[in-house]
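Undergrad: To start, I am sharing the structure in question, which I have written as structure tokens.
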2 protein chains.
Amino acid sequence: MKYPKALEDLIDSFSLLPSVGRKSAERFALYCLNRLDEAQIIDFSNSLIGITKDIHICSSCGNISEKDICSICSDEKRNHRQILVVESIKDLYTIEKINDYKGIYHVLNGAISFSKGIGIHDLNIDSLVDKVKNNEVDEIILATNATLEGETTARYIKELLSEYNVKITRLAYGLPVGGDLSYVDEMTVLKAFEGRHEY
Amino acid sequence: MKYPKALEDLIDSFSLLPSVGRKSAERFALYCLNRLDEAQIIDFSNSLIGITKDIHICSSCGNISEKDICSICSDEKRNHRQILVVESIKDLYTIEKINDYKGIYHVLNGAISFSKGIGIHDLNIDSLVDKVKNNEVDEIILATNATLEGETTARYIKELLSEYNVKITRLAYGLPVGGDLSYVDEMTVLKAFEGRHEY
């Protein structure tokens with residue numbers, strides 16, 4: 001016995017989400033049916049349509065925006081000659097939260113992954129290379145994740161831009177602030193050693 | 001810095017789902033934005049609206065249905081004098097899957113819970129009591145969960161119907177088939193002892 005079609009459709013939709021299997025999708029769909037009122041479901045439905053209509057990808061940096069150019073790229077007070085490269089929009093927001101960085105961003109929308117078959121040309125990289133070519137940039141700060149994929153991506157980008165006159169830096173690895181040394185993984189300790197400085 | 005409003009709205013909607021916190025909701029919303037194409041999002045949106053339009057709650061038993069009376073309640077071949085009482089639609093579907101039970105159902109849509117402030121009158125129970133009162137039922141099988149809430153609910157219903165001439169049974173507790181005794185919790189072993197029978 002199957003659920004009514006309308007419910008099956010909703011289960012299929014929830015199954016599209018990351019790490020949501022059939023069981024969780026069923027739970028979400030039944031929850032919508034039993035616990036949300038009609039107004040909440042209509043709002044939910046509209047908010048999905050909303051992101052297809054009201055959100056654009058900034059043509060300059062790949063950030064999300066309500067306009068064609070995002071609020072960061074269109075902010076004249078920021079340093080447009082310093083570009084911080086991140087894998088995802090979420091990373092960009094993480095850095096914005098510390099309220100310290102005053103340059104602009106470039107969102108790759110992914111990282112090179114051999115296992116997933118993602119190469120450099122699947123990433124949002126062309127507009128970054130163009131900016132460097134046109135001599136619009138002083139410094140590229142590579143802030144891809146400290147994972148195999150993030151590291152590979154950082155190296156590729158460094159290689160790609162090596163012929164141009166641009167300073168390329170990478171965020172420091174090291175011990176997390178407030179962390180207990182005994183809980184930190186070996187790779188991080190090793191990186192903290194490599195990056196040690198006079199005190 | 002906040003996300004664009006359309007994205008914040010979608011994050012709020014995903015946060016309504018059970019055991020989905022702000023972080024997961026953010027991940028779901030960004031996934032929709034980055035990884036689903038427009039057609040998938042529109043389907044998702046429509047499937048939400050679909051459940052408000054195309055799914056009804058069976059006025060007889062509380063099951064979900066495309067019509068006012070569900071396919072089980074309108075099935076003349078089933079025994080309408082035997083009613084199996086479950087907490088949720090999901091439980092109903094679990095029992096339907098074994099393809100053995102030939103009576104009808106009654107979905108309480110919850111269980112009595114003092115901690116959540118859910119009493120007997122918050123449950124879908126009136127139509128069940130009416131059927132018993134009108135002498136339409138031979139047997140009520142209580143299949144609420146083997147939890148504190150489910151057990152309390154079963155006892156309440158038994159109490160409520162005690163004055164009427166109806167047989168009330170409860171699904172058996174015991175060892176799960178195929179289970180290793182050493183992995184079974186003590187309460188279940190105890191219940192299995194209580195319910196032991198001549199062999």
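Letters A, B, ... mark the chains of the structure tokens in the order given; residue numbers begin at 1 per chain; ligand numbers begin at 1, in order shown.
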Tell me, which residues of chain B carry DSSP helix (DSSP H, G or I), written as a VMD selection string?
TA: chain B and resid 5 to 15 22 to 35 38 to 54 89 to 97 120 to 122 126 to 133 148 to 161 181 to 183 186 to 194
Undergrad: Need to verify the contact set: Ile140 of chain B, 6 Å, only C-alpha atoms, exclusion of same-chain residues closer than 5 positions in sequence. Can you return it as an MDAnalysis selection string?
TA: chainID B and resid 83:84 168
Undergrad: Please determine the contact residues of chain B with respect to chain A at a cut-off of 7 Å, counting only C-alpha atoms, and supply them as a tab-separated table (two decimals) with C-alpha atoms, in the first residue's frame.
TA:
```tsv
chain	number	residue	atom	x	y	z
B	1	MET	CA	25.58	40.04	7.52
B	4	PRO	CA	19.15	37.68	1.23
B	6	ALA	CA	14.33	35.00	0.11
B	7	LEU	CA	16.98	32.63	1.43
B	9	ASP	CA	12.61	32.76	4.44
B	10	LEU	CA	13.48	29.34	3.10
B	13	SER	CA	10.66	27.15	6.55
B	17	LEU	CA	10.78	20.44	10.29
B	18	PRO	CA	11.38	18.01	13.16
B	28	PHE	CA	19.15	22.47	3.02
B	33	LEU	CA	19.95	27.13	-4.23
B	38	GLU	CA	14.63	25.41	-11.21
B	41	ILE	CA	12.45	23.52	-6.94
B	42	ILE	CA	9.14	24.23	-8.65
B	44	PHE	CA	9.13	20.72	-4.59
B	45	SER	CA	7.04	23.85	-4.12
B	46	ASN	CA	4.06	22.32	-5.91
B	47	SER	CA	4.28	19.09	-3.93
B	48	LEU	CA	3.91	21.12	-0.73
B	49	ILE	CA	0.81	22.83	-2.07
B	50	GLY	CA	-0.36	19.40	-3.27
B	51	ILE	CA	-0.71	18.01	0.23
B	52	THR	CA	-2.93	20.91	1.28
B	54	ASP	CA	-5.23	16.70	-2.60
B	55	ILE	CA	-4.99	14.98	0.77
B	65	SER	CA	-6.85	9.75	1.72
B	66	GLU	CA	-7.50	11.31	-1.65
B	96	GLU	CA	-0.66	-2.57	6.09
B	97	LYS	CA	2.73	-3.60	4.70
```
Undergrad: Looking only at the backbone, which of the residues in chain A does DSSP tag as strand (DSSP E), as JSON, numbers by chain?
TA: {"A": [56, 57, 64, 65, 79, 80, 81, 82, 83, 84, 85, 86, 103, 104, 105, 106, 107, 139, 140, 141, 142, 167, 168, 169, 170]}
Undergrad: Keeping only C-alpha atoms, write those residues as a compact mmCIF listing (two decimals), in the first residue's frame.
TA:
```
# COMPACT_ATOMS: atom_id res chain seq x y z
CA HIS A 56 20.80 35.96 -8.24
CA ILE A 57 24.37 34.82 -8.36
CA ILE A 64 24.24 35.27 -3.73
CA SER A 65 22.48 38.55 -4.05
CA ASN A 79 39.26 47.01 -1.09
CA HIS A 80 38.55 45.57 -4.54
CA ARG A 81 42.20 44.75 -5.09
CA GLN A 82 42.19 42.11 -2.35
CA ILE A 83 40.18 38.96 -3.14
CA LEU A 84 39.50 36.13 -0.72
CA VAL A 85 38.72 32.85 -2.46
CA VAL A 86 36.28 30.47 -0.76
CA GLY A 103 38.43 43.11 0.78
CA ILE A 104 36.06 41.35 -1.60
CA TYR A 105 35.39 37.65 -2.26
CA HIS A 106 35.35 35.04 -4.94
CA VAL A 107 33.14 31.97 -4.50
CA GLU A 139 46.38 39.93 -3.39
CA ILE A 140 44.53 36.64 -3.69
CA ILE A 141 43.88 35.02 -0.29
CA LEU A 142 43.18 31.31 -0.71
CA LYS A 167 50.54 38.11 -4.38
CA ILE A 168 48.98 34.79 -3.42
CA THR A 169 48.50 33.92 0.25
CA ARG A 170 46.81 31.08 2.09
```
Undergrad: Have a look at atom CA of Tyr164 of chain A and atom CA of Glu149 of chain A and let me know their distance in Å, one decimal.
TA: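 Between these atoms lies a distance of 23.9 Å.
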Undergrad: Name the residues in contact with segment 145-148 of chain B at a cut-off of 12 Å, using only C-alpha atoms, excluding same-chain residues fewer than 6 positions from it; report them as a PyMOL selection string.
TA: chain B and resi 85-88+90-92+108+110-115+154-155+170-174+187-188+191
Undergrad: Quick one: write out the picked residues with N, CA, C and O atoms as a short mmCIF file (atom, residue, chain, number, x, y, z; two decimals), in the first residue's frame?
TA:
```cif
data_model
loop_
_atom_site.label_atom_id
_atom_site.label_comp_id
_atom_site.auth_asym_id
_atom_site.auth_seq_id
_atom_site.Cartn_x
_atom_site.Cartn_y
_atom_site.Cartn_z
N VAL B 85 -6.22 0.24 16.58
CA VAL B 85 -5.97 1.63 16.96
C VAL B 85 -4.46 1.91 16.96
O VAL B 85 -3.70 1.24 17.67
N VAL B 86 -4.03 2.87 16.13
CA VAL B 86 -2.60 3.24 16.07
C VAL B 86 -2.42 4.72 16.41
O VAL B 86 -3.37 5.50 16.33
N GLU B 87 -1.18 5.05 16.77
CA GLU B 87 -0.90 6.45 17.10
C GLU B 87 -0.80 7.32 15.86
O GLU B 87 -1.22 8.47 15.87
N SER B 88 -0.20 6.76 14.80
CA SER B 88 0.07 7.61 13.64
C SER B 88 -0.22 6.89 12.33
O SER B 88 -0.31 5.66 12.27
N LYS B 90 1.78 6.61 10.00
CA LYS B 90 2.96 5.79 9.69
C LYS B 90 2.80 4.38 10.25
O LYS B 90 3.15 3.40 9.60
N ASP B 91 2.28 4.28 11.46
CA ASP B 91 2.05 2.96 12.08
C ASP B 91 1.04 2.17 11.26
O ASP B 91 1.19 0.97 11.05
N LEU B 92 0.00 2.86 10.81
CA LEU B 92 -1.01 2.21 9.96
C LEU B 92 -0.35 1.60 8.73
O LEU B 92 -0.58 0.44 8.39
N LEU B 108 -5.12 7.72 16.01
CA LEU B 108 -5.31 8.69 17.11
C LEU B 108 -4.65 10.03 16.80
O LEU B 108 -5.03 11.06 17.34
N GLY B 110 -1.45 10.84 17.58
CA GLY B 110 -0.70 11.23 18.77
C GLY B 110 -0.91 10.23 19.89
O GLY B 110 -1.53 9.19 19.71
N ALA B 111 -0.34 10.57 21.05
CA ALA B 111 -0.52 9.75 22.24
C ALA B 111 -0.54 10.68 23.44
O ALA B 111 -0.01 11.79 23.38
N ILE B 112 -1.16 10.22 24.50
CA ILE B 112 -1.21 11.04 25.71
C ILE B 112 0.20 11.27 26.22
O ILE B 112 1.00 10.33 26.32
N SER B 113 0.55 12.51 26.50
CA SER B 113 1.89 12.81 27.00
C SER B 113 1.79 13.95 28.01
O SER B 113 1.41 15.06 27.64
N PHE B 114 2.11 13.65 29.26
CA PHE B 114 2.02 14.69 30.28
C PHE B 114 3.08 15.75 30.05
O PHE B 114 2.83 16.94 30.20
N SER B 115 4.27 15.30 29.62
CA SER B 115 5.35 16.27 29.42
C SER B 115 5.03 17.23 28.27
O SER B 115 5.42 18.39 28.31
N ALA B 154 -3.13 3.54 25.74
CA ALA B 154 -3.86 2.27 25.65
C ALA B 154 -4.74 2.07 26.89
O ALA B 154 -5.90 1.69 26.79
N ARG B 155 -4.18 2.37 28.07
CA ARG B 155 -4.94 2.20 29.31
C ARG B 155 -6.14 3.14 29.39
O ARG B 155 -7.22 2.77 29.82
N ARG B 170 -4.60 -6.09 23.05
CA ARG B 170 -3.40 -5.27 22.88
C ARG B 170 -2.40 -6.14 22.13
O ARG B 170 -2.29 -7.34 22.42
N LEU B 171 -1.67 -5.57 21.19
CA LEU B 171 -0.65 -6.35 20.47
C LEU B 171 0.34 -6.95 21.47
O LEU B 171 0.64 -6.35 22.49
N ALA B 172 0.86 -8.14 21.16
CA ALA B 172 1.79 -8.81 22.08
C ALA B 172 3.15 -8.14 22.12
O ALA B 172 3.66 -7.67 21.11
N TYR B 173 3.71 -8.08 23.31
CA TYR B 173 5.11 -7.69 23.46
C TYR B 173 5.95 -8.94 23.43
O TYR B 173 5.51 -10.01 23.88
N GLY B 174 7.18 -8.84 23.04
CA GLY B 174 8.04 -10.01 23.10
C GLY B 174 9.32 -9.80 22.33
O GLY B 174 9.63 -8.68 21.90
N MET B 187 13.40 -4.75 29.57
CA MET B 187 11.95 -4.57 29.63
C MET B 187 11.26 -5.52 28.65
O MET B 187 10.23 -6.13 28.96
N THR B 188 11.86 -5.64 27.47
CA THR B 188 11.28 -6.52 26.45
C THR B 188 11.37 -7.98 26.89
O THR B 188 10.41 -8.75 26.72
N LYS B 191 8.72 -8.58 29.42
CA LYS B 191 7.41 -8.67 28.77
C LYS B 191 7.27 -10.02 28.05
O LYS B 191 6.18 -10.60 28.01
#
```
Undergrad: Using only C-alpha atoms, determine which residues lie at most 12 Å from Val129 of chain A, disregarding the query and same-chain residues fewer than 3 positions distant; provide the list as a PyMOL selection string.
TA: chain A and resi 60-61+83+85+106+108+121+123-126+132-137+140+157-166
Undergrad: Grab the atom CA of Asp180 of chain B to atom CA of Gly195 of chain B distance for me, in Å with one decimal place.
TA: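 Distance reported for this atom pair: 18.2 Å.
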Undergrad: Considering only C-alpha atoms, state which residue in the set A:Leu175, A:Cys73, A:Leu190, A:Val184 is at the smallest distance from Lys102 of chain A.
TA: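 The closest residue to Lys102 of chain A is A:Cys73.
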Undergrad: Would you compute the distance between atom CA of Thr153 of chain A and atom CA of Glu194 of chain A? Give it in Å to one decimal.
TA: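 Going from atom CA of Thr153 of chain A over to atom CA of Glu194 of chain A, I get 20.6 Å.
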